[in-house]
$ cat query.txt   # compact mmCIF, C-alpha atoms
# COMPACT_ATOMS: atom_id res chain seq x y z
CA MET P 1429 91.30 179.86 68.46
CA ASN P 1430 90.31 183.47 68.96
CA SER P 1431 90.14 186.48 66.71
CA ILE P 1432 92.85 189.08 67.13
CA ARG P 1433 90.21 191.65 68.12
CA THR P 1434 88.88 189.36 70.87
CA LEU P 1435 92.36 188.83 72.30
CA LEU P 1436 93.23 192.53 72.12
CA ASP P 1437 90.08 193.28 74.11
CA ARG P 1438 90.84 190.56 76.67
CA PHE P 1439 94.37 191.80 77.31
CA SER P 1440 93.41 195.48 77.44
CA SER P 1441 90.51 194.80 79.85
CA GLY P 1442 92.62 192.72 82.23
CA ALA P 1443 90.68 189.53 81.50
CA GLU P 1444 93.97 187.66 81.00
CA ASP P 1445 95.68 189.09 84.10
CA ALA P 1446 95.37 185.86 86.10
CA ARG P 1447 97.10 183.94 83.32
CA LEU P 1448 99.82 186.58 83.06
CA LEU P 1449 100.43 186.39 86.82
CA GLU P 1450 100.83 182.61 86.55
CA LEU P 1451 103.53 183.07 83.93
CA TYR P 1452 105.37 186.19 85.06
CA ARG P 1453 105.06 185.89 88.86
CA SER P 1454 104.84 189.61 89.65
CA GLU P 1455 102.04 192.17 89.67
CA SER P 1456 104.61 194.78 88.71
CA GLN P 1457 104.90 192.96 85.37
CA LEU P 1458 101.20 193.07 84.50
CA GLU P 1459 100.98 196.36 82.62
CA TYR P 1460 104.16 195.62 80.68
CA GLN P 1461 102.97 192.13 79.69
CA ARG P 1462 99.48 193.34 78.72
CA ASN P 1463 101.06 195.88 76.40
CA ARG P 1464 103.60 193.37 75.10
CA TYR P 1465 100.95 190.84 74.07
CA GLN P 1466 98.79 193.54 72.50
CA GLN P 1467 101.74 194.85 70.49
CA ALA P 1468 102.55 191.31 69.32
CA LEU P 1469 98.94 190.78 68.22
CA GLN P 1470 98.89 194.09 66.36
CA ARG P 1471 102.20 193.27 64.68
CA PHE P 1472 100.85 189.89 63.52
CA LEU P 1473 97.78 191.67 62.15
CA ALA P 1474 99.95 194.10 60.19
CA LEU P 1475 102.15 191.30 58.80
CA PHE P 1476 99.68 188.52 58.05
CA GLY P 1477 96.18 189.99 58.20
CA ASP P 1478 93.19 189.26 60.41
CA GLN P 1479 92.82 185.55 61.15
CA PRO P 1480 92.16 183.31 64.17
CA VAL P 1481 95.27 182.91 66.31
CA GLU P 1482 96.72 181.22 69.37
CA LEU P 1483 99.43 182.48 71.72
CA TYR P 1484 102.42 180.44 72.89
CA SER P 1485 105.25 181.07 75.35
CA ALA P 1486 108.59 179.43 76.13
CA PRO P 1487 110.87 180.64 78.94
CA GLY P 1488 114.55 181.30 79.18
CA ARG P 1489 116.42 179.39 81.82
CA THR P 1490 118.85 180.02 84.59
CA GLU P 1491 121.42 177.38 85.41
CA ILE P 1492 121.49 176.93 89.18
CA GLY P 1493 124.17 174.24 89.34
CA GLY P 1494 126.13 172.01 87.02
CA ASN P 1495 128.22 174.34 84.88
CA HIS P 1496 129.17 172.43 81.70
CA THR P 1497 128.14 169.05 83.10
CA ASP P 1498 125.27 168.13 80.78
CA HIS P 1499 127.40 167.23 77.75
CA GLN P 1500 129.25 164.65 79.86
CA GLN P 1501 126.02 162.91 80.91
CA GLY P 1502 126.21 164.71 84.24
CA ARG P 1503 123.75 166.30 86.64
CA VAL P 1504 122.35 169.81 86.42
CA LEU P 1505 120.07 171.99 88.48
CA ALA P 1506 118.21 174.59 86.44
CA ALA P 1507 115.06 176.69 86.43
CA SER P 1508 112.78 178.32 83.93
CA ILE P 1509 112.51 182.07 84.44
CA ASN P 1510 109.96 184.81 83.87
CA LEU P 1511 111.73 186.10 80.75
CA ASP P 1512 110.27 184.36 77.71
CA ALA P 1513 109.73 184.23 73.98
CA ILE P 1514 106.12 184.54 72.85
CA ALA P 1515 104.47 183.82 69.52
CA VAL P 1516 101.20 184.79 67.87
CA VAL P 1517 100.38 181.85 65.61
CA SER P 1518 97.87 180.72 63.00
CA PRO P 1519 97.86 177.43 61.04
CA LEU P 1520 99.05 177.52 57.41
CA GLU P 1521 98.96 174.77 54.81
CA GLY P 1522 102.31 173.33 53.77
CA GLN P 1523 104.72 176.04 54.86
CA VAL P 1524 106.04 178.14 57.72
CA ARG P 1525 106.16 181.92 57.55
CA LEU P 1526 107.83 183.37 60.62
CA VAL P 1527 108.88 186.87 61.57
CA SER P 1528 110.95 187.49 64.68
CA GLU P 1529 110.92 191.03 66.03
CA GLY P 1530 113.40 193.17 64.14
CA MET P 1531 114.25 190.42 61.64
CA GLU P 1532 113.33 189.57 58.06
CA GLU P 1533 110.61 186.99 57.42
CA ILE P 1534 111.77 183.42 56.97
CA GLN P 1535 109.83 180.95 54.83
CA LEU P 1536 110.07 177.19 54.89
CA ASP P 1537 108.41 174.59 52.66
CA LEU P 1538 107.47 171.54 54.72
CA GLU P 1539 108.28 169.33 51.74
CA ASP P 1540 111.93 170.37 52.07
CA LEU P 1541 113.35 169.77 55.54
CA THR P 1542 116.78 168.77 54.23
CA TYR P 1543 119.86 169.96 56.12
CA ARG P 1544 121.94 172.50 54.21
CA GLU P 1545 125.42 173.57 55.22
CA GLU P 1546 124.87 177.16 54.09
CA GLU P 1547 121.93 177.51 56.51
CA LYS P 1548 124.02 176.81 59.62
CA GLU P 1549 123.73 179.35 62.46
CA THR P 1550 120.46 180.80 61.10
CA THR P 1551 116.96 180.97 62.55
CA LEU P 1552 115.77 179.01 59.53
CA SER P 1553 118.05 176.11 60.48
CA LEU P 1554 116.51 175.93 63.97
CA VAL P 1555 112.93 175.92 62.66
CA LYS P 1556 113.80 173.33 60.02
CA GLY P 1557 115.68 171.19 62.55
CA VAL P 1558 112.84 171.16 65.09
CA LEU P 1559 110.24 170.26 62.45
CA ALA P 1560 112.45 167.59 60.87
CA GLN P 1561 113.26 165.94 64.19
CA LEU P 1562 109.62 166.03 65.34
CA LYS P 1563 108.60 164.36 62.09
CA THR P 1564 111.31 161.72 62.47
CA GLY P 1565 110.02 161.04 65.98
CA GLY P 1566 106.51 160.36 64.69
CA ALA P 1567 104.75 163.61 65.57
CA THR P 1568 102.29 165.26 63.21
CA ILE P 1569 103.80 168.41 61.75
CA GLY P 1570 102.14 171.24 59.87
CA GLY P 1571 102.69 174.78 58.74
CA PHE P 1572 101.95 178.07 60.47
CA THR P 1573 102.39 181.80 60.32
CA ALA P 1574 104.00 183.28 63.42
CA TYR P 1575 105.20 186.54 64.85
CA VAL P 1576 107.77 186.03 67.62
CA THR P 1577 109.08 188.50 70.17
CA SER P 1578 111.46 187.62 72.97
CA ASP P 1579 112.57 189.12 76.27
CA VAL P 1580 115.23 186.42 76.69
CA LEU P 1581 118.52 188.26 76.33
CA VAL P 1582 120.32 187.13 73.17
CA GLY P 1583 123.93 186.09 73.63
CA ALA P 1584 123.71 186.52 77.39
CA GLY P 1585 123.62 182.99 78.77
CA LEU P 1586 119.88 182.71 79.38
CA SER P 1587 119.40 180.31 76.47
CA SER P 1588 117.55 182.41 73.92
CA SER P 1589 118.07 179.67 71.32
CA ALA P 1590 116.64 176.97 73.61
CA ALA P 1591 113.60 179.15 74.33
CA PHE P 1592 113.08 179.58 70.58
CA GLU P 1593 113.42 175.84 69.91
CA THR P 1594 111.00 175.07 72.74
CA LEU P 1595 108.59 177.66 71.36
CA ILE P 1596 108.58 176.06 67.89
CA GLY P 1597 108.12 172.58 69.37
CA THR P 1598 105.28 173.78 71.60
CA ILE P 1599 103.55 175.49 68.66
CA VAL P 1600 103.60 172.24 66.66
CA SER P 1601 102.41 170.32 69.72
CA GLY P 1602 99.52 172.74 70.20
CA LEU P 1603 98.42 173.20 66.60
CA TYR P 1604 98.75 169.60 65.40
CA ASN P 1605 99.16 167.24 68.38
CA GLN P 1606 96.66 168.41 71.04
CA MET P 1607 99.60 169.50 73.24
CA GLN P 1608 100.51 165.82 73.61
CA ILE P 1609 104.19 165.99 72.62
CA SER P 1610 105.99 165.63 75.94
CA PRO P 1611 108.19 168.46 77.23
CA VAL P 1612 111.11 166.00 77.37
CA GLU P 1613 110.69 165.10 73.69
CA ILE P 1614 110.46 168.78 72.72
CA ALA P 1615 113.68 169.42 74.64
CA MET P 1616 115.52 166.56 72.95
CA VAL P 1617 114.31 167.70 69.53
CA GLY P 1618 115.53 171.22 70.29
CA GLN P 1619 118.98 169.95 71.20
CA GLN P 1620 119.16 167.90 68.01
CA ALA P 1621 118.13 170.93 65.96
CA GLU P 1622 120.83 173.07 67.57
CA ASN P 1623 123.55 170.42 67.23
CA LEU P 1624 122.75 169.03 63.79
CA TYR P 1625 121.11 171.90 61.91
CA PHE P 1626 122.30 175.10 63.60
CA GLY P 1627 125.78 173.66 64.08
CA LYS P 1628 126.41 174.58 67.72
CA PRO P 1629 127.47 171.80 70.10
CA CYS P 1630 125.40 171.90 73.27
CA GLY P 1631 124.19 169.63 76.02
CA LEU P 1632 120.54 169.12 76.91
CA MET P 1633 120.21 171.28 80.01
CA ASP P 1634 119.07 174.49 78.30
CA GLN P 1635 116.28 172.89 76.31
CA MET P 1636 115.16 170.70 79.21
CA ALA P 1637 114.87 173.61 81.65
CA SER P 1638 112.97 175.71 79.11
CA SER P 1639 110.62 172.93 78.02
CA VAL P 1640 109.91 171.19 81.35
CA GLY P 1641 109.87 174.33 83.49
CA ASN P 1642 110.10 175.15 87.19
CA LEU P 1643 113.18 174.30 89.30
CA VAL P 1644 114.39 170.91 88.16
CA ALA P 1645 117.29 168.59 88.86
CA ILE P 1646 118.13 166.59 85.74
CA ASP P 1647 120.41 163.55 85.60
CA PHE P 1648 121.67 162.73 82.12
CA ALA P 1649 123.37 159.43 83.03
CA GLN P 1650 121.11 157.80 80.42
CA PRO P 1651 120.88 160.56 77.78
CA GLY P 1652 117.81 159.13 76.07
CA GLU P 1653 115.95 158.85 79.36
CA PRO P 1654 116.96 161.77 81.60
CA VAL P 1655 115.77 161.54 85.19
CA ILE P 1656 113.91 164.72 86.14
CA GLN P 1657 113.21 165.73 89.73
CA GLN P 1658 111.19 168.79 90.72
CA VAL P 1659 112.89 170.71 93.53
CA SER P 1660 111.16 173.14 95.88
CA CYS P 1661 112.71 176.52 96.71
CA ASP P 1662 111.01 179.85 97.47
CA LEU P 1663 113.76 182.45 97.28
CA ASP P 1664 111.47 185.31 98.29
CA ALA P 1665 110.46 183.54 101.48
CA LEU P 1666 114.14 182.91 102.26
CA GLY P 1667 114.88 186.61 102.00
CA TYR P 1668 116.89 186.44 98.77
CA SER P 1669 116.49 187.72 95.24
CA LEU P 1670 117.85 186.07 92.11
CA CYS P 1671 119.76 188.63 90.07
CA ILE P 1672 121.13 188.09 86.58
CA THR P 1673 123.45 190.75 85.21
CA ASP P 1674 124.07 191.09 81.49
CA THR P 1675 127.74 192.07 81.21
CA LYS P 1676 127.22 193.07 77.56
CA GLY P 1677 129.72 190.62 76.14
CA SER P 1678 128.09 188.66 73.32
CA HIS P 1679 128.34 184.90 72.77
CA ALA P 1680 128.15 185.48 69.04
CA ASP P 1681 131.76 184.67 68.05
CA LEU P 1682 132.60 182.13 70.74
CA THR P 1683 131.48 178.84 69.19
CA ALA P 1684 135.07 177.52 69.09
CA GLU P 1685 135.56 178.33 72.80
CA TYR P 1686 132.37 176.47 73.73
CA ALA P 1687 133.23 173.53 71.51
CA ALA P 1688 136.64 173.15 73.17
CA VAL P 1689 135.09 172.44 76.58
CA PRO P 1690 133.27 169.19 75.68
CA GLN P 1691 136.07 168.25 73.26
CA GLU P 1692 138.73 168.44 75.97
CA MET P 1693 136.56 166.67 78.53
CA ARG P 1694 135.81 163.86 76.08
CA ALA P 1695 139.49 163.57 75.20
CA VAL P 1696 140.27 162.93 78.87
CA ALA P 1697 137.45 160.40 79.12
CA GLU P 1698 138.63 158.58 75.99
CA GLN P 1699 142.18 158.39 77.31
CA MET P 1700 140.67 156.65 80.34
CA GLY P 1701 138.67 154.28 78.16
CA GLN P 1702 135.28 155.97 78.50
CA PRO P 1703 133.15 157.99 76.03
CA VAL P 1704 132.36 160.74 78.57
CA LEU P 1705 133.55 161.73 82.03
CA ARG P 1706 130.42 160.57 83.86
CA GLY P 1707 131.33 157.56 85.97
CA ILE P 1708 135.01 158.45 86.30
CA THR P 1709 135.91 159.15 89.93
CA LEU P 1710 138.15 161.85 91.34
CA GLU P 1711 140.55 159.16 92.55
CA GLN P 1712 140.81 157.64 89.07
CA LEU P 1713 141.40 161.06 87.55
CA LEU P 1714 144.17 161.90 90.01
CA GLU P 1715 145.80 158.52 89.37
CA GLN P 1716 145.93 159.25 85.63
CA ALA P 1717 146.82 162.95 86.02
CA PRO P 1718 150.49 162.70 84.90
CA ALA P 1719 149.58 160.83 81.72
CA ILE P 1720 146.70 163.22 80.96
CA ARG P 1721 148.98 166.24 81.37
CA THR P 1722 151.53 164.70 79.01
CA GLN P 1723 149.06 163.65 76.34
CA LEU P 1724 146.37 166.35 76.50
CA GLY P 1725 147.78 169.27 78.46
CA ASP P 1726 146.90 170.90 81.75
CA ARG P 1727 143.69 172.66 80.74
CA ALA P 1728 142.02 169.40 79.74
CA LEU P 1729 142.88 167.92 83.14
CA LEU P 1730 141.64 171.01 84.97
CA ARG P 1731 138.35 170.89 83.09
CA ALA P 1732 137.93 167.21 83.91
CA LEU P 1733 138.61 167.93 87.59
CA HIS P 1734 135.92 170.62 87.45
CA PHE P 1735 133.39 168.19 85.97
CA VAL P 1736 133.92 165.41 88.49
CA GLN P 1737 133.54 167.75 91.47
CA GLU P 1738 130.80 169.92 89.96
CA ASN P 1739 128.72 166.85 89.17
CA ASP P 1740 128.81 165.78 92.82
CA ARG P 1741 128.11 169.37 93.87
CA VAL P 1742 124.74 169.34 92.07
CA ALA P 1743 123.60 166.37 94.17
CA HIS P 1744 124.69 168.22 97.31
CA GLN P 1745 122.80 171.36 96.19
CA VAL P 1746 119.59 169.39 95.72
CA GLU P 1747 120.09 167.78 99.12
CA ALA P 1748 120.64 171.18 100.75
CA LEU P 1749 117.45 172.60 99.22
CA GLU P 1750 115.42 169.56 100.23
CA GLN P 1751 116.73 169.92 103.78
CA GLN P 1752 116.00 173.67 103.68
CA ASP P 1753 119.65 174.37 104.46
CA PHE P 1754 119.93 177.47 102.31
CA GLN P 1755 123.26 178.64 103.71
CA ARG P 1756 124.84 175.33 102.67
CA PHE P 1757 123.27 175.77 99.24
CA LEU P 1758 124.80 179.25 98.93
CA HIS P 1759 128.20 177.91 99.94
CA LEU P 1760 127.94 175.31 97.17
CA VAL P 1761 126.97 178.03 94.67
CA GLU P 1762 130.12 179.91 95.67
CA GLN P 1763 132.22 176.76 95.22
CA SER P 1764 130.70 176.20 91.77
CA GLY P 1765 131.63 179.72 90.70
CA ALA P 1766 135.19 179.36 91.94
CA SER P 1767 135.60 176.03 90.14
CA SER P 1768 134.33 177.48 86.87
CA PHE P 1769 136.74 180.42 87.09
CA GLN P 1770 139.81 178.44 88.21
CA TYR P 1771 139.46 175.02 86.60
CA LEU P 1772 136.82 175.10 83.87
CA GLN P 1773 138.19 178.48 82.76
CA ASN P 1774 135.07 179.75 81.00
CA VAL P 1775 134.95 183.26 82.45
CA TYR P 1776 136.84 185.01 79.63
CA THR P 1777 138.36 184.10 76.30
CA ASN P 1778 142.11 183.92 75.86
CA GLN P 1779 141.60 185.46 72.42
CA ASP P 1780 140.75 188.83 74.01
CA VAL P 1781 142.19 189.17 77.51
CA GLN P 1782 141.77 192.96 77.46
CA HIS P 1783 138.00 192.53 77.73
CA GLN P 1784 136.90 190.51 80.75
CA ASN P 1785 133.33 191.63 81.40
CA VAL P 1786 132.37 188.54 83.38
CA SER P 1787 135.54 188.67 85.51
CA ILE P 1788 134.85 192.32 86.36
CA ALA P 1789 131.22 191.56 87.19
CA LEU P 1790 132.25 188.76 89.57
CA ALA P 1791 134.96 190.81 91.25
CA VAL P 1792 132.72 193.82 91.83
CA SER P 1793 129.84 191.59 92.96
CA GLN P 1794 131.98 190.02 95.66
CA ALA P 1795 133.29 193.41 96.77
CA VAL P 1796 129.81 194.96 96.95
CA LEU P 1797 127.93 192.02 98.44
CA GLY P 1798 130.28 190.85 101.17
CA ASP P 1799 128.16 188.56 103.35
CA ASP P 1800 124.92 189.62 101.66
CA GLY P 1801 125.12 187.25 98.73
CA VAL P 1802 127.08 184.98 96.42
CA CYS P 1803 127.73 185.03 92.68
CA ARG P 1804 128.94 182.77 89.89
CA VAL P 1805 129.42 182.67 86.14
CA HIS P 1806 126.18 181.62 84.53
CA GLY P 1807 125.57 179.30 81.61
CA GLY P 1808 128.11 178.66 78.88
CA GLY P 1809 130.39 181.44 80.03
CA PHE P 1810 133.15 183.38 78.25
CA ALA P 1811 130.72 186.31 77.94
CA GLY P 1812 127.14 187.08 78.81
CA THR P 1813 125.71 186.92 82.30
CA ILE P 1814 126.53 186.28 85.91
CA GLN P 1815 124.11 185.03 88.53
CA ALA P 1816 123.84 186.31 92.09
CA TYR P 1817 121.73 185.41 95.09
CA VAL P 1818 121.30 188.67 96.98
CA ARG P 1819 119.68 189.43 100.33
CA HIS P 1820 116.66 191.65 99.76
CA ARG P 1821 118.22 194.49 101.75
CA ALA P 1822 121.28 194.53 99.48
CA VAL P 1823 119.46 194.48 96.14
CA PRO P 1824 119.35 198.29 95.60
CA ARG P 1825 123.08 198.77 96.16
CA TYR P 1826 123.89 195.68 94.14
CA GLN P 1827 121.78 196.79 91.19
CA GLN P 1828 123.30 200.25 91.36
CA ALA P 1829 126.83 198.81 91.29
CA MET P 1830 126.11 196.50 88.36
CA GLU P 1831 124.31 199.14 86.32
CA HIS P 1832 127.09 201.64 87.02
CA LEU P 1833 129.38 199.17 85.24
CA PHE P 1834 127.16 197.77 82.51
CA GLY P 1835 124.42 200.35 81.96
CA ALA P 1836 120.82 200.92 82.97
CA GLY P 1837 118.66 197.82 82.84
CA SER P 1838 121.58 195.38 82.84
CA CYS P 1839 120.78 193.84 86.25
CA HIS P 1840 117.57 191.82 86.19
CA LEU P 1841 115.59 190.57 89.18
CA LEU P 1842 114.17 187.25 88.07
CA HIS P 1843 111.52 184.87 89.32
CA ILE P 1844 111.36 181.13 88.80
CA ARG P 1845 108.47 180.33 86.49
CA PRO P 1846 106.48 177.17 87.27
CA PHE P 1847 105.81 176.33 83.61
CA GLY P 1848 107.91 175.42 80.61
CA GLY P 1849 106.64 175.78 77.05
CA VAL P 1850 102.90 176.51 77.13
CA LYS P 1851 99.91 177.59 75.12
CA VAL P 1852 98.97 180.91 76.74
CA VAL P 1853 95.54 181.32 75.12
$ encode --input "query.txt" --output "structure tokens"
Amino acid sequence: MNSIRTLLDRFSSGAEDARLLELYRSESQLEYQRNRYQQALQRFLALFGDQPVELYSAPGRTEIGGNHTDHQQGRVLAASINLDAIAVVSPLEGQVRLVSEGMEEIQLDLEDLTYREEEKETTLSLVKGVLAQLKTGGATIGGFTAYVTSDVLVGAGLSSSAAFETLIGTIVSGLYNQMQISPVEIAMVGQQAENLYFGKPCGLMDQMASSVGNLVAIDFAQPGEPVIQQVSCDLDALGYSLCITDTKGSHADLTAEYAAVPQEMRAVAEQMGQPVLRGITLEQLLEQAPAIRTQLGDRALLRALHFVQENDRVAHQVEALEQQDFQRFLHLVEQSGASSFQYLQNVYTNQDVQHQNVSIALAVSQAVLGDDGVCRVHGGGFAGTIQAYVRHRAVPRYQQAMEHLFGAGSCHLLHIRPFGGVKVV
């Protein structure tokens, strides 16, 4: 551990620049990140006093392929990104005291990790859930004080909650387990915390991409033992930029919409005698289509059709990247976006058809980009972000068009980060 003064000096002098470049992938980010870490250290000092500290980071993620496939034991392709949550941390006996930027302090007694219904959908529930599940899994847990600040857009489909869960798991791994808790275990604990304690149904993709890091293909056929494959892709060298646009529609009140997607997919699977859709073929689905329509309705069938084809599409995307056939990869991205809009139907909510931020973003993206890129809905959908792969030459006009619609700073140029949850210093 280092004193706060030592770390402030190291960041201000540029002594940590090499580490920052590893994490944030761009020299243009250096001054901003130096200042960000210094401000976090100073805020910790003001809140908790001068004590030895460590710094931790966990990234947001971008879903590359496999939209709503993870909860059906499907395949996904995802990447950690250079937007992250960071924490200044010091050990504390018996309790957690945590302040997130702009929020009230939360306190947690480690002797009381019991689930409480009234704590659902709170930061406290996530911290408690991660600690409880780590303890159940046999890890050593302990208390800490922490100040957390995050650049991962909240409610925008970049998995701010998964980054936070990964951050808490990585802190416990670093402080009390010599960084020996595996990224896969931290991811699974994060999912359990979100499902059981926070009360939001989710698959495992978000946590896995944040915790493991880099560009990864993940196969959830055996949920307890996901198969993880690192995939190589240098977008800059291929002449493309990865753009994520925040359409300013929040995920905050959409839990029921998200929950309906896995519920309807599972209902189809159960009608066909299976617990999830993984393993059901397109031919089998088409054979049972009349009965599914009668029993469950058309949307459930459409969503099942999306899953079966999207799951295969992920394998084709990985194959295209491995064969360095980037144009085929882009075509598959385009197909994924069309399937999500038409069949999965997670681009807008039927509860508020007058506001279709994501639909507008996709329509304008296609009009502006033409042959210079492709776009798709990103993440859970219904609100939040879209993803676009844009030729370098088209980035200025694309950013201008998106920010004309959604405001300055809404279109982000991202880089794939080669690390998941880490101890920074």
$ closest_residue --input "query.txt" --among "P:Glu1613, P:Glu1459, P:Asp1674, P:Glu1831" --to "Val1640 of chain P" --atoms "only C-alpha atoms"
P:Glu1613
$ closest_atom_pairs --input "query.txt" --of "segment 1638-1726 of chain P" --to "segment 1746-1758 of chain P" --cutoff "8 Å" --atoms "all atoms listed in the file" --output "JSON lines"
{"residue": "P:Ala1645", "atom": "CA", "partner": "P:Val1746", "partner_atom": "CA", "distance": 7.3}
{"residue": "P:Val1659", "atom": "CA", "partner": "P:Val1746", "partner_atom": "CA", "distance": 7.2}
{"residue": "P:Ser1660", "atom": "CA", "partner": "P:Glu1750", "partner_atom": "CA", "distance": 7.1}
{"residue": "P:Cys1661", "atom": "CA", "partner": "P:Leu1749", "partner_atom": "CA", "distance": 6.6}
{"residue": "P:Leu1666", "atom": "CA", "partner": "P:Phe1754", "partner_atom": "CA", "distance": 7.9}
$ atom_distance --input "query.txt" --atom1 "atom CA of Ser1767 of chain P" --atom2 "atom CA of Ile1672 of chain P"
19.2 Å
$ closest_residue --input "query.txt" --among "P:Ala1615, P:Leu1538, P:Ala1574, P:Met1693" --to "Gly1477 of chain P" --atoms "only C-alpha atoms"
P:Ala1574
$ closest_residue --input "query.txt" --among "P:Gln1770, P:Asn1642, P:Ser1787, P:Gln1608" --to "Thr1675 of chain P" --atoms "all atoms listed in the file"
P:Ser1787
$ closest_residue --input "query.txt" --among "P:Val1555, P:Ala1560, P:Leu1772, P:Ile1609" --to "Thr1542 of chain P" --atoms "all atoms listed in the file"
P:Ala1560
$ closest_residue --input "query.txt" --among "P:Phe1810, P:Tyr1575, P:Tyr1484, P:Phe1472" --to "Gly1602 of chain P" --atoms "only C-alpha atoms"
P:Tyr1484
$ closest_residue --input "query.txt" --among "P:Ala1719, P:Ala1791, P:Ala1728, P:Leu1797" --to "Arg1819 of chain P" --atoms "only C-alpha atoms"
P:Leu1797
$ residues_near_point --input "query.txt" --point "(124.9, 172.6, 75.4)" --cutoff "10 Å" --atoms "only C-alpha atoms" --output "list in words"
His1496, Thr1497, Asp1498, His1499, Ser1587, Ala1590, Gln1619, Glu1622, Asn1623, Lys1628, Pro1629, Cys1630, Gly1631, Leu1632, Met1633, Asp1634, Gln1635, Tyr1686, Ala1687, Pro1690, Gly1807 and Gly1808 of chain P
$ residues_around --input "query.txt" --residues "Met1830 of chain P" --least-positions-apart "4" --cutoff "10 Å" --atoms "all atoms listed in the file" --output "list in words"
Ile1672, Thr1673, Asp1674, Thr1675, Ile1788, Ala1789, Leu1790, Val1792, Ser1793, Val1796, Arg1825, Tyr1826, Phe1834, Gly1835, Ala1836, Gly1837, Ser1838, Cys1839 and His1840 of chain P
$ atom_distance --input "query.txt" --atom1 "atom CA of Leu1451 of chain P" --atom2 "atom CA of Val1852 of chain P"
8.8 Å
$ residues_around --input "query.txt" --residues "Gly1618 of chain P" --least-positions-apart "3" --cutoff "6 Å" --atoms "all atoms listed in the file" --output "number ranges by chain"
P: 1558, 1593, 1615, 1621
$ axis_aligned_box --input "query.txt" --around "segment 1486-1501 of chain P" --padding-each-side "3 Å" --output "JSON"
{"center_x": 118.9, "center_y": 172.1, "center_z": 82.7, "size_x": 26.7, "size_y": 24.4, "size_z": 19.2}
$ residues_near_point --input "query.txt" --point "(98.5, 188.3, 84.9)" --cutoff "10 Å" --atoms "all atoms listed in the file" --output "PyMOL selection string"
chain P and resi 1439+1442-1459+1461-1462
$ residues_around --input "query.txt" --residues "Ser1431 of chain P" --least-positions-apart "5" --cutoff "9 Å" --atoms "all atoms listed in the file" --output "MDAnalysis selection string"
chainID P and resid 1436 1478:1482
$ atom_distance --input "query.txt" --atom1 "atom CA of Leu1841 of chain P" --atom2 "atom CA of Ser1669 of chain P"
6.8 Å
$ closest_atom_pairs --input "query.txt" --of "segment 1674-1741 of chain P" --to "segment 1503-1519 of chain P" --cutoff "12 Å" --atoms "all atoms listed in the file" --output "JSON lines"
{"residue": "P:Leu1705", "atom": "CA", "partner": "P:Arg1503", "partner_atom": "CA", "distance": 11.8}
{"residue": "P:Arg1706", "atom": "CA", "partner": "P:Arg1503", "partner_atom": "CA", "distance": 9.2}
{"residue": "P:Gly1707", "atom": "CA", "partner": "P:Arg1503", "partner_atom": "CA", "distance": 11.6}
{"residue": "P:Phe1735", "atom": "CA", "partner": "P:Arg1503", "partner_atom": "CA", "distance": 9.8}
{"residue": "P:Val1736", "atom": "CA", "partner": "P:Arg1503", "partner_atom": "CA", "distance": 10.4}
{"residue": "P:Gln1737", "atom": "CA", "partner": "P:Arg1503", "partner_atom": "CA", "distance": 11.0}
{"residue": "P:Glu1738", "atom": "CA", "partner": "P:Arg1503", "partner_atom": "CA", "distance": 8.6}
{"residue": "P:Asn1739", "atom": "CA", "partner": "P:Arg1503", "partner_atom": "CA", "distance": 5.6}
{"residue": "P:Asp1740", "atom": "CA", "partner": "P:Arg1503", "partner_atom": "CA", "distance": 8.0}
{"residue": "P:Arg1741", "atom": "CA", "partner": "P:Arg1503", "partner_atom": "CA", "distance": 9.0}
$ residues_around --input "query.txt" --residues "Gln1716 of chain P" --least-positions-apart "5" --cutoff "12 Å" --atoms "all atoms listed in the file" --output "number ranges by chain"
P: 1696-1697, 1699-1701, 1708-1711, 1721-1724, 1729, 1732-1733
$ decode --input "query.txt" --residues "segment 1554-1561 of chain P" --atoms "N, CA and C atoms" --output "PDB file, in the first residue's frame"
ATOM      1  N   LEU P1554     -25.992  -4.698  -3.846  1.00  0.00           N
ATOM      2  CA  LEU P1554     -24.931  -5.255  -4.688  1.00  0.00           C
ATOM      3  C   LEU P1554     -23.682  -5.568  -3.870  1.00  0.00           C
ATOM      4  N   VAL P1555     -23.287  -4.637  -3.000  1.00  0.00           N
ATOM      5  CA  VAL P1555     -22.108  -4.870  -2.158  1.00  0.00           C
ATOM      6  C   VAL P1555     -22.341  -6.078  -1.262  1.00  0.00           C
ATOM      7  N   LYS P1556     -23.495  -6.107  -0.615  1.00  0.00           N
ATOM      8  CA  LYS P1556     -23.826  -7.218   0.277  1.00  0.00           C
ATOM      9  C   LYS P1556     -23.860  -8.536  -0.493  1.00  0.00           C
ATOM     10  N   GLY P1557     -24.461  -8.525  -1.678  1.00  0.00           N
ATOM     11  CA  GLY P1557     -24.558  -9.742  -2.476  1.00  0.00           C
ATOM     12  C   GLY P1557     -23.208 -10.280  -2.896  1.00  0.00           C
ATOM     13  N   VAL P1558     -22.317  -9.397  -3.350  1.00  0.00           N
ATOM     14  CA  VAL P1558     -20.976  -9.840  -3.763  1.00  0.00           C
ATOM     15  C   VAL P1558     -20.230 -10.440  -2.576  1.00  0.00           C
ATOM     16  N   LEU P1559     -20.248  -9.761  -1.436  1.00  0.00           N
ATOM     17  CA  LEU P1559     -19.537 -10.268  -0.261  1.00  0.00           C
ATOM     18  C   LEU P1559     -20.126 -11.591   0.218  1.00  0.00           C
ATOM     19  N   ALA P1560     -21.451 -11.675   0.251  1.00  0.00           N
ATOM     20  CA  ALA P1560     -22.099 -12.905   0.717  1.00  0.00           C
ATOM     21  C   ALA P1560     -21.768 -14.081  -0.191  1.00  0.00           C
ATOM     22  N   GLN P1561     -21.816 -13.861  -1.500  1.00  0.00           N
ATOM     23  CA  GLN P1561     -21.558 -14.953  -2.441  1.00  0.00           C
ATOM     24  C   GLN P1561     -20.082 -15.345  -2.446  1.00  0.00           C
TER      25      GLN P1561
END
